[in-house]
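This report concerns only the one structure given below.
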Amino acid sequence: MRISTQTVYSQGLSNMLTQEAAYLDASSEVSSGKRVVNPSDDSSAAAQAVVVQQASSLNDQYAASRTSVTTSLSTEESALDSISDAITSAKTLLIQAGDGTLSDDDRASIATSLQGIYDTLVSLANTTDSNGNYIFSGYQSESQTFVADADGNLTYQGDDNAVMQQISATETIASGDTGQSVFLSVGSAAGFVAQASADNSGSVTFDGPDITDSSATNYGTAFTLTFAVDDDGATTYSVDGGDAVAYESGDTVEVNGLSMTLEGEPADGDSISVSAAADADPDLFSTLQNIITALNTPVEDEADQAALSNTLSTSSRELDNALDNVLTVRTSVGTRMNEIDVLDTVGDDMSLTYATSLSNLTDADYTTSVSNYTALQVALQAAQQTFASVQDMTLFDYI
């Protein structure tokens, strides 16, 4: 069989190109540290690597979401801390205002201080984050949380739902709380509130209500005491229009498992209403406005003093409820931040696991890679030398 010169050259060239391609692949593996760069390098490993990379990317997205939520909750926590301090200061001033020896000017001075606290709370309620979004507006984050109308009364402009964010494959979490839940709500343990009618003209005051029998029929049901004074000066009261009961100053009234102690002399038609705090339209800002208005109103007679005392009594309980509510929300924020810390730890572990799996699938073993690279380099050099030797051979060398 005759072998042509062309065949020898073709086979030699093909051998060198094959060796060179293998050498270049080995060189790329050593320089990049990757065993699998293209699916053709190892189709099975490449397919598994895609799955691991997708899972790792999703884990990174959850980590970024947790970082965002942590930032939002940290901003809220700082605001809630300041809000609780402001309410505590207001409670201190309210106690001072109850001193019966104060003059109208003294009370007006306290009202001025409370006005400053009120303004501070309005500012805190409209807190924004680093992006200019209102943190207590829920999904309406571009809308100012509380806006004052022409009469100075605040209206809530935010959403009733807190913003929820996905922070893991199975869990979502509120990245904040709404102004409704912070400033216009009370906790489940808020109890009950009594309010004297704004139209009262007598001197009756109340202390309470207090819980005396939680197992009583209609326990906690709202009711209204209405006073009547006949032509002879005899005073009675009725509960929600029921039978008249004789009244004397100092009486303790028990209704629906709740009790109140009454002092002073009511005028005909005066009334006091009692309801669960949650049903009494809780509003921190309205509470402060009522206190400020009452302290700025001159006390000229017993009826004025009674109106002031009743306002302070109601407002004191409302401030207690508001503070408890803010502290409850603040505790919830802390709980959520702790939960995120736990998920961050889990996420970091998962990230390490994904990185290890991806490395096992695609990274090169340097010892093996360098050995293979060296062997292929020698093979390529041998092929080149063999081809050069064959190229120089002629029949004249053997004649």
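Every chain in the structure tokens takes a letter, A first, then B, and so on in the order presented; its residues are numbered from 1, and the ligands are numbered from 1 following the presented order.
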
For the contact check between segment 60-141 of chain A and segment 161-183 of chain A, emit one row per residue of segment 60-141 of chain A within 8 Å, containing the shortest atom pair and the distance in Å rounded to one decimal, counting only C-alpha atoms, chain then rising number order, as CSV.
residue,atom,partner,partner_atom,distance
A:Tyr62,CA,A:Ile167,CA,5.0
A:Ala63,CA,A:Ile167,CA,7.1
A:Ser65,CA,A:Ile167,CA,5.8
A:Arg66,CA,A:Ile167,CA,5.5
A:Val69,CA,A:Ser175,CA,5.0
A:Thr70,CA,A:Ser175,CA,7.6
A:Ser72,CA,A:Ser175,CA,6.1
A:Leu73,CA,A:Gly176,CA,6.0
A:Glu76,CA,A:Gly176,CA,6.8
A:Ala125,CA,A:Gly179,CA,6.9
A:Ile135,CA,A:Gly176,CA,6.7
A:Phe136,CA,A:Thr178,CA,4.5
A:Ser137,CA,A:Thr178,CA,5.5
A:Gly138,CA,A:Ala162,CA,4.6
A:Tyr139,CA,A:Val163,CA,5.7

Please identify every residue of segment 196-228 of chain A that has at least one atom no farther than 9 Å from an atom of segment 310-326 of chain A, counting only C-alpha atoms, and for each give the shortest atom pair and the distance in Å to one decimal, arranged by chain then increasing number, as a Markdown table.
| residue | atom | partner | partner_atom | distance |
| --- | --- | --- | --- | --- |
| A:Ala196 | CA | A:Asn310 | CA | 6.4 |
| A:Val204 | CA | A:Asn310 | CA | 8.7 |
| A:Thr205 | CA | A:Asn310 | CA | 5.9 |
| A:Phe206 | CA | A:Asn310 | CA | 6.8 |
| A:Asp207 | CA | A:Ser313 | CA | 7.5 |
| A:Gly208 | CA | A:Ser313 | CA | 8.4 |

Would you output that residue set with C-alpha atoms, as a PDB file, in the first residue's frame?
ATOM      1  CA  ALA A 196     -68.451  62.982  80.156  1.00  0.00           C
ATOM      2  CA  VAL A 204     -70.386  65.614  88.531  1.00  0.00           C
ATOM      3  CA  THR A 205     -67.033  63.852  88.093  1.00  0.00           C
ATOM      4  CA  PHE A 206     -66.122  60.181  87.802  1.00  0.00           C
ATOM      5  CA  ASP A 207     -63.340  57.857  88.829  1.00  0.00           C
ATOM      6  CA  GLY A 208     -62.962  54.705  86.727  1.00  0.00           C
TER       7      GLY A 208
END

Which residues are close to Gln96 of chain A, i.e. within 10 Å by only C-alpha atoms, leaving aside same-chain residues fewer than 4 positions away? Reply as a list in words.
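Close residues of Gln96 of chain A: Ala90, Lys91, Thr92, Gly100, Leu102, Asp106, Arg107 and Ile110 of chain A.
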
Calculated over only C-alpha atoms, which of the candidates A:Thr287, A:Ser214, A:Ser249, A:Thr236 has the smallest distance to Leu184 of chain A?
A:Thr287

Per DSSP on the backbone, filter segment 164-347 of chain A down to the residues in helix (DSSP H, G or I) and report them as JSON, numbers by chain.
{"A": [179, 180, 181, 182, 183, 277, 278, 279, 284, 285, 286, 287, 288, 289, 290, 291, 292, 293, 294, 295, 302, 303, 304, 305, 306, 307, 308, 309, 310, 311, 312, 313, 314, 315, 316, 317, 318, 319, 320, 321, 322, 323, 324, 325, 326, 327, 328, 329, 330, 331, 332, 333, 334, 335, 336, 337, 338, 339, 340, 341, 342, 343, 344, 345, 346, 347]}

Mind checking which residues fall within 7 Å of Ser143 of chain A, counting only C-alpha atoms, ignoring those fewer than 5 positions away in the same chain, and posting them as an mmCIF file with C-alpha atoms, in the first residue's frame?
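New file part10.cif:
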data_model
loop_
_atom_site.group_PDB
_atom_site.id
_atom_site.type_symbol
_atom_site.label_atom_id
_atom_site.label_comp_id
_atom_site.auth_asym_id
_atom_site.auth_seq_id
_atom_site.Cartn_x
_atom_site.Cartn_y
_atom_site.Cartn_z
ATOM 1 C CA TYR A 134 -43.617 57.921 54.565
ATOM 2 C CA SER A 137 -48.465 55.202 55.263
ATOM 3 C CA GLN A 157 -54.065 59.558 54.470
ATOM 4 C CA GLY A 158 -52.191 56.271 54.529
#

Can you tell me which residues surround Glu302 of chain A at a distance of at most 9 Å, considering only C-alpha atoms, apart from same-chain residues fewer than 2 positions away, and format the answer as a PyMOL selection string?
chain A and resi 202-203+264+299-300+304-307

How would the residues just chosen look if you wrote them out with C-alpha atoms as a PDB file, in the first residue's frame?
ATOM      1  CA  GLY A 202     -73.198  70.225  86.391  1.00  0.00           C
ATOM      2  CA  SER A 203     -70.247  69.416  88.619  1.00  0.00           C
ATOM      3  CA  GLY A 264     -70.459  66.204  92.671  1.00  0.00           C
ATOM      4  CA  VAL A 299     -61.943  77.664  85.264  1.00  0.00           C
ATOM      5  CA  GLU A 300     -64.573  79.998  86.666  1.00  0.00           C
ATOM      6  CA  ASP A 304     -65.700  74.261  84.648  1.00  0.00           C
ATOM      7  CA  GLN A 305     -63.597  72.446  87.235  1.00  0.00           C
ATOM      8  CA  ALA A 306     -65.630  69.265  86.735  1.00  0.00           C
ATOM      9  CA  ALA A 307     -65.240  69.491  82.946  1.00  0.00           C
TER      10      ALA A 307
END

Compile the contact shell of Ala190 of chain A as a PDB file with N, CA and C atoms, in the first residue's frame: residues with an atom at most 8 Å away, counting only C-alpha atoms, same-chain residues fewer than 2 positions apart removed.
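Once written, out.pdb looks like this:
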ATOM      1  N   VAL A 186     -55.668  50.838  69.924  1.00  0.00           N
ATOM      2  CA  VAL A 186     -55.258  50.467  71.275  1.00  0.00           C
ATOM      3  C   VAL A 186     -54.997  48.967  71.294  1.00  0.00           C
ATOM      4  N   GLY A 187     -54.264  48.519  72.309  1.00  0.00           N
ATOM      5  CA  GLY A 187     -53.975  47.100  72.437  1.00  0.00           C
ATOM      6  C   GLY A 187     -55.183  46.325  72.935  1.00  0.00           C
ATOM      7  N   SER A 188     -55.090  45.012  72.874  1.00  0.00           N
ATOM      8  CA  SER A 188     -56.205  44.159  73.277  1.00  0.00           C
ATOM      9  C   SER A 188     -56.504  44.246  74.769  1.00  0.00           C
ATOM     10  N   PHE A 192     -61.350  49.861  79.447  1.00  0.00           N
ATOM     11  CA  PHE A 192     -62.540  50.672  79.179  1.00  0.00           C
ATOM     12  C   PHE A 192     -62.256  52.150  79.469  1.00  0.00           C
ATOM     13  N   ALA A 276     -65.713  50.127  75.680  1.00  0.00           N
ATOM     14  CA  ALA A 276     -64.374  49.558  75.526  1.00  0.00           C
ATOM     15  C   ALA A 276     -63.494  50.590  74.827  1.00  0.00           C
ATOM     16  N   ALA A 277     -62.242  50.661  75.230  1.00  0.00           N
ATOM     17  CA  ALA A 277     -61.333  51.666  74.663  1.00  0.00           C
ATOM     18  C   ALA A 277     -61.239  51.548  73.143  1.00  0.00           C
ATOM     19  N   ALA A 278     -61.293  50.310  72.640  1.00  0.00           N
ATOM     20  CA  ALA A 278     -61.182  50.114  71.198  1.00  0.00           C
ATOM     21  C   ALA A 278     -62.391  50.655  70.450  1.00  0.00           C
ATOM     22  N   ASN A 321     -53.271  54.041  77.337  1.00  0.00           N
ATOM     23  CA  ASN A 321     -53.558  53.070  76.281  1.00  0.00           C
ATOM     24  C   ASN A 321     -52.695  53.312  75.050  1.00  0.00           C
ATOM     25  N   ASP A 324     -49.144  52.120  75.798  1.00  0.00           N
ATOM     26  CA  ASP A 324     -49.094  50.655  75.769  1.00  0.00           C
ATOM     27  C   ASP A 324     -49.133  50.146  74.334  1.00  0.00           C
TER      28      ASP A 324
END

Find the spatial neighbours of Ser201 of chain A, counting only C-alpha atoms, within a cut-off of 8 Å - ignore same-chain residues fewer than 4 positions away - and output them as a list in words.
Pro266, Ala267, Asp270 and Ala303 of chain A

Could you turn the residues from that selection into a file that holds N, CA and C atoms, as an mmCIF file, in the first residue's frame?
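What ended up in part.cif:
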data_model
loop_
_atom_site.group_PDB
_atom_site.id
_atom_site.type_symbol
_atom_site.label_atom_id
_atom_site.label_comp_id
_atom_site.auth_asym_id
_atom_site.auth_seq_id
_atom_site.Cartn_x
_atom_site.Cartn_y
_atom_site.Cartn_z
ATOM 1 N N PRO A 266 -74.721 66.586 89.431
ATOM 2 C CA PRO A 266 -74.998 66.741 88.001
ATOM 3 C C PRO A 266 -76.169 67.676 87.762
ATOM 4 N N ALA A 267 -76.211 68.250 86.581
ATOM 5 C CA ALA A 267 -77.374 69.033 86.157
ATOM 6 C C ALA A 267 -78.303 68.116 85.387
ATOM 7 N N ASP A 270 -77.296 65.849 82.182
ATOM 8 C CA ASP A 270 -75.870 65.481 82.098
ATOM 9 C C ASP A 270 -75.739 63.971 81.872
ATOM 10 N N ALA A 303 -68.632 73.822 87.626
ATOM 11 C CA ALA A 303 -68.897 73.097 86.383
ATOM 12 C C ALA A 303 -67.650 73.079 85.499
#

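For the residues A:Asp210, A:Leu288, A:Thr88, A:Asn296, ranking by smallest atom-to-atom distance to Thr261 of chain A using only C-alpha atoms places A:Asp210 first.
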
Using only C-alpha atoms, which of the listed residues (A:Asp149, A:Asp243, A:Asp213, A:Asp268) sits closest to Asp230 of chain A?
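Under the stated criterion, the closest residue is A:Asp268.
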
List every residue of segment 229-257 of chain A that has an atom at most 7 Å from any atom of segment 221-225 of chain A, giving for each one its closest atom pair and the distance in Å to one decimal, counting only C-alpha atoms, sorted by chain and then by ascending residue number, as CSV.
residue,atom,partner,partner_atom,distance
A:Tyr237,CA,A:Leu225,CA,6.3
A:Ser238,CA,A:Leu225,CA,5.7
A:Val239,CA,A:Leu225,CA,4.9
A:Asp240,CA,A:Thr224,CA,5.3
A:Asn256,CA,A:Thr221,CA,6.4

Atom pair atom CA of Tyr118 of chain A / atom CA of Ser271 of chain A: separation (Å)
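The value is 29.0 Å.
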
Among segment 47-170 of chain A, which ones does DSSP assign to strand (DSSP E or B) (computed from the backbone)? Answer as a compact mmCIF listing (two decimals) with C-alpha atoms, in the first residue's frame.
# COMPACT_ATOMS: atom_id res chain seq x y z
CA THR A 128 -39.87 59.44 55.94
CA TYR A 134 -43.62 57.92 54.56
CA PHE A 146 -51.38 62.68 58.54
CA VAL A 147 -52.65 65.93 57.01
CA ALA A 148 -54.31 68.76 58.93
CA LEU A 154 -55.55 65.54 61.45
CA THR A 155 -56.76 63.06 58.85
CA TYR A 156 -55.03 59.78 58.16
CA MET A 164 -45.42 42.91 53.20
CA GLN A 165 -42.16 41.59 51.76
CA GLN A 166 -40.97 38.08 50.94

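Note that the spacing between atom CA of Ser82 of chain A and atom CA of Arg330 of chain A amounts to 11.0 Å.
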